[in-house]
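Asks: Before I ask anything, here is the structure I am working with.
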Amino acid sequence: MNSPPADSKRLVAVTLDEASIGRSSADIDHDGGPYALQLGVAENRLVFDVRLADGTPVIAHMLSLTPFRSIVKDYFLICDSYYKAIRTSTPSQIEAIDMGRRGLHDEGSRVLMERLKDKIEVDFDTARRLFTLLSVLHWKG
């Protein structure tokens with residue numbers, strides 16, 4: 001059986017279902033939107049290209065990826081250990097590795113929040129999701 005080409009195994013868009021999102025207060029909603037976010041990497045920088053839903057540019061931010069390099073490297077190593085462990089290790093060993101994996105993910109999320117704090121307001125859950133996407137952009141297979 002042939003596997004699909006590598007290009008077909010990638011995320012091409014992120015969309016939030018409006019019906020699933022809780023309504024926020026008028027203080028939060030005053031910023032407009034909805035927004036479309038395109039993440040990319042250019043010249044060792046993470047690029048946040050924020051646009052309105054119709055494609056009108058709003059703002060772009062670039063963050064150096066250097067502060068994330070060791071966290072992402074360690075995160076990939078522990079994820080690899082986790083995937084190997086789920087095949088052969090005991091539940092308690094798997095849980096210990098998973099706790100370490102989550103700890104690194106949380107650390108990366110906090111670094112991302114800190115790096116964005118004067119540019120974009122991001123809550124912790126969103127920072128965790130963004131760190132996941134940042135990791136995907138770093139992954140070379």
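Note on naming: chains are A, B, ... as they come in the structure tokens, residues start from 1 per chain, ligands start from 1 in the order shown.
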From a DSSP pass on the backbone, collect the residues of range 16-141 of chain A flagged as alpha helix (DSSP H) and hand them back as number ranges by chain.
Replies: A: 26-29, 69-88, 91-116, 124-138
Asks: Atoms to include: C-alpha atoms. Write the selected residues as a PDB file, in the first residue's frame.
Replies:
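Saved to result-v5.pdb:
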ATOM      1  CA  ALA A  26     -18.151  43.817  25.379  1.00  0.00           C
ATOM      2  CA  ASP A  27     -14.714  44.768  26.767  1.00  0.00           C
ATOM      3  CA  ILE A  28     -13.148  41.847  24.912  1.00  0.00           C
ATOM      4  CA  ASP A  29     -15.299  42.022  21.777  1.00  0.00           C
ATOM      5  CA  ARG A  69      15.231  25.875  20.196  1.00  0.00           C
ATOM      6  CA  SER A  70      16.243  23.838  23.269  1.00  0.00           C
ATOM      7  CA  ILE A  71      12.663  23.469  24.534  1.00  0.00           C
ATOM      8  CA  VAL A  72      11.446  22.151  21.180  1.00  0.00           C
ATOM      9  CA  LYS A  73      14.457  19.836  20.879  1.00  0.00           C
ATOM     10  CA  ASP A  74      13.806  18.408  24.356  1.00  0.00           C
ATOM     11  CA  TYR A  75      10.084  18.230  23.631  1.00  0.00           C
ATOM     12  CA  PHE A  76      10.692  16.134  20.497  1.00  0.00           C
ATOM     13  CA  LEU A  77      13.067  13.842  22.383  1.00  0.00           C
ATOM     14  CA  ILE A  78      10.574  13.212  25.166  1.00  0.00           C
ATOM     15  CA  CYS A  79       7.719  12.759  22.689  1.00  0.00           C
ATOM     16  CA  ASP A  80       9.824  10.136  20.918  1.00  0.00           C
ATOM     17  CA  SER A  81      10.452   8.428  24.275  1.00  0.00           C
ATOM     18  CA  TYR A  82       6.739   8.562  25.032  1.00  0.00           C
ATOM     19  CA  TYR A  83       5.751   6.930  21.728  1.00  0.00           C
ATOM     20  CA  LYS A  84       8.338   4.186  22.268  1.00  0.00           C
ATOM     21  CA  ALA A  85       7.189   3.699  25.866  1.00  0.00           C
ATOM     22  CA  ILE A  86       3.529   3.201  24.992  1.00  0.00           C
ATOM     23  CA  ARG A  87       4.547   0.051  23.113  1.00  0.00           C
ATOM     24  CA  THR A  88       6.601  -1.616  25.859  1.00  0.00           C
ATOM     25  CA  PRO A  91       1.524   2.426  32.765  1.00  0.00           C
ATOM     26  CA  SER A  92       3.426   4.161  35.578  1.00  0.00           C
ATOM     27  CA  GLN A  93       6.504   4.597  33.343  1.00  0.00           C
ATOM     28  CA  ILE A  94       4.345   5.978  30.542  1.00  0.00           C
ATOM     29  CA  GLU A  95       2.647   8.363  32.973  1.00  0.00           C
ATOM     30  CA  ALA A  96       6.016   9.640  34.240  1.00  0.00           C
ATOM     31  CA  ILE A  97       7.239  10.321  30.703  1.00  0.00           C
ATOM     32  CA  ASP A  98       3.937  11.991  29.840  1.00  0.00           C
ATOM     33  CA  MET A  99       4.211  14.266  32.886  1.00  0.00           C
ATOM     34  CA  GLY A 100       7.641  15.359  31.643  1.00  0.00           C
ATOM     35  CA  ARG A 101       6.247  15.903  28.158  1.00  0.00           C
ATOM     36  CA  ARG A 102       3.423  18.053  29.508  1.00  0.00           C
ATOM     37  CA  GLY A 103       5.897  19.983  31.667  1.00  0.00           C
ATOM     38  CA  LEU A 104       8.039  20.851  28.645  1.00  0.00           C
ATOM     39  CA  HIS A 105       4.934  21.773  26.668  1.00  0.00           C
ATOM     40  CA  ASP A 106       3.830  24.077  29.491  1.00  0.00           C
ATOM     41  CA  GLU A 107       7.310  25.618  29.681  1.00  0.00           C
ATOM     42  CA  GLY A 108       7.263  26.328  25.947  1.00  0.00           C
ATOM     43  CA  SER A 109       3.790  27.831  26.309  1.00  0.00           C
ATOM     44  CA  ARG A 110       4.942  30.140  29.109  1.00  0.00           C
ATOM     45  CA  VAL A 111       7.961  31.277  27.058  1.00  0.00           C
ATOM     46  CA  LEU A 112       5.638  31.976  24.134  1.00  0.00           C
ATOM     47  CA  MET A 113       3.283  34.003  26.354  1.00  0.00           C
ATOM     48  CA  GLU A 114       6.224  35.991  27.740  1.00  0.00           C
ATOM     49  CA  ARG A 115       7.603  36.707  24.259  1.00  0.00           C
ATOM     50  CA  LEU A 116       4.168  37.846  23.036  1.00  0.00           C
ATOM     51  CA  PHE A 124      -2.443  29.919  28.629  1.00  0.00           C
ATOM     52  CA  ASP A 125      -4.695  27.462  26.775  1.00  0.00           C
ATOM     53  CA  THR A 126      -4.169  29.380  23.526  1.00  0.00           C
ATOM     54  CA  ALA A 127      -0.421  29.559  24.193  1.00  0.00           C
ATOM     55  CA  ARG A 128      -0.401  25.756  24.581  1.00  0.00           C
ATOM     56  CA  ARG A 129      -2.116  25.358  21.224  1.00  0.00           C
ATOM     57  CA  LEU A 130       0.253  27.849  19.609  1.00  0.00           C
ATOM     58  CA  PHE A 131       3.255  26.027  21.083  1.00  0.00           C
ATOM     59  CA  THR A 132       1.949  22.821  19.508  1.00  0.00           C
ATOM     60  CA  LEU A 133       1.779  24.587  16.139  1.00  0.00           C
ATOM     61  CA  LEU A 134       5.233  26.131  16.671  1.00  0.00           C
ATOM     62  CA  SER A 135       6.542  22.600  17.304  1.00  0.00           C
ATOM     63  CA  VAL A 136       4.898  21.345  14.111  1.00  0.00           C
ATOM     64  CA  LEU A 137       6.612  24.126  12.170  1.00  0.00           C
ATOM     65  CA  HIS A 138       9.964  23.039  13.653  1.00  0.00           C
TER      66      HIS A 138
END
Asks: I'd like the contact shell of Leu63 in chain A - 8 Å cut-off, only C-alpha atoms, skipping same-chain residues fewer than 5 positions apart - returned as a ChimeraX atom specification.
Replies: /A:45-47,115
Asks: Write to file, as a short mmCIF file (atom, residue, chain, number, x, y, z; two decimals), in the first residue's frame, the residues of the selection just made, with all heavy atoms.
Replies:
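Result went into result.cif, see below:
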data_model
loop_
_atom_site.label_atom_id
_atom_site.label_comp_id
_atom_site.auth_asym_id
_atom_site.auth_seq_id
_atom_site.Cartn_x
_atom_site.Cartn_y
_atom_site.Cartn_z
N ARG A 45 12.59 33.03 12.38
CA ARG A 45 11.60 33.76 13.17
C ARG A 45 10.23 33.13 12.95
O ARG A 45 9.90 32.71 11.84
CB ARG A 45 11.57 35.22 12.76
CG ARG A 45 12.78 35.98 13.21
CD ARG A 45 12.66 37.45 12.84
NE ARG A 45 13.64 38.27 13.48
CZ ARG A 45 14.93 38.30 13.17
NH1 ARG A 45 15.38 37.53 12.23
NH2 ARG A 45 15.76 39.09 13.80
N LEU A 46 9.46 33.11 14.02
CA LEU A 46 8.07 32.68 13.93
C LEU A 46 7.25 33.89 13.51
O LEU A 46 7.32 34.95 14.15
CB LEU A 46 7.58 32.15 15.27
CG LEU A 46 6.14 31.65 15.35
CD1 LEU A 46 5.94 30.45 14.42
CD2 LEU A 46 5.79 31.28 16.78
N VAL A 47 6.51 33.76 12.43
CA VAL A 47 5.75 34.88 11.87
C VAL A 47 4.27 34.67 12.19
O VAL A 47 3.69 33.65 11.84
CB VAL A 47 5.95 34.98 10.35
CG1 VAL A 47 5.12 36.13 9.78
CG2 VAL A 47 7.42 35.13 10.01
N ARG A 115 7.09 36.06 25.46
CA ARG A 115 7.60 36.71 24.26
C ARG A 115 6.53 37.53 23.53
O ARG A 115 6.83 38.48 22.84
CB ARG A 115 8.19 35.67 23.30
CG ARG A 115 9.27 34.79 23.92
CD ARG A 115 10.62 35.39 23.93
NE ARG A 115 11.01 35.64 22.56
CZ ARG A 115 11.82 36.61 22.20
NH1 ARG A 115 12.31 37.42 23.09
NH2 ARG A 115 12.13 36.80 20.95
#
Asks: In Å, rounded to a single decimal, give me how far CA of Asp118 in chain A is from CA of Leu52 in chain A.
Replies: 20.7 Å
Asks: Just to confirm, what's the straight-line distance from CA of Phe68 in chain A to CA of Val50 in chain A in Å (one decimal)?
Replies: 21.3 Å
Asks: Which value, in Å to one decimal, gives the distance between CA of Leu37 in chain A and CA of His61 in chain A?
Replies: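 We find that CA of Leu37 in chain A and CA of His61 in chain A lie 11.0 Å from each other.
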Asks: With distances taken over only C-alpha atoms, which of A:Asn44, A:Ile120, A:Gly32, A:Trp139 is nearest to Ile59 in chain A?
Replies: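 Smallest distance to Ile59 in chain A is found for A:Ile120.
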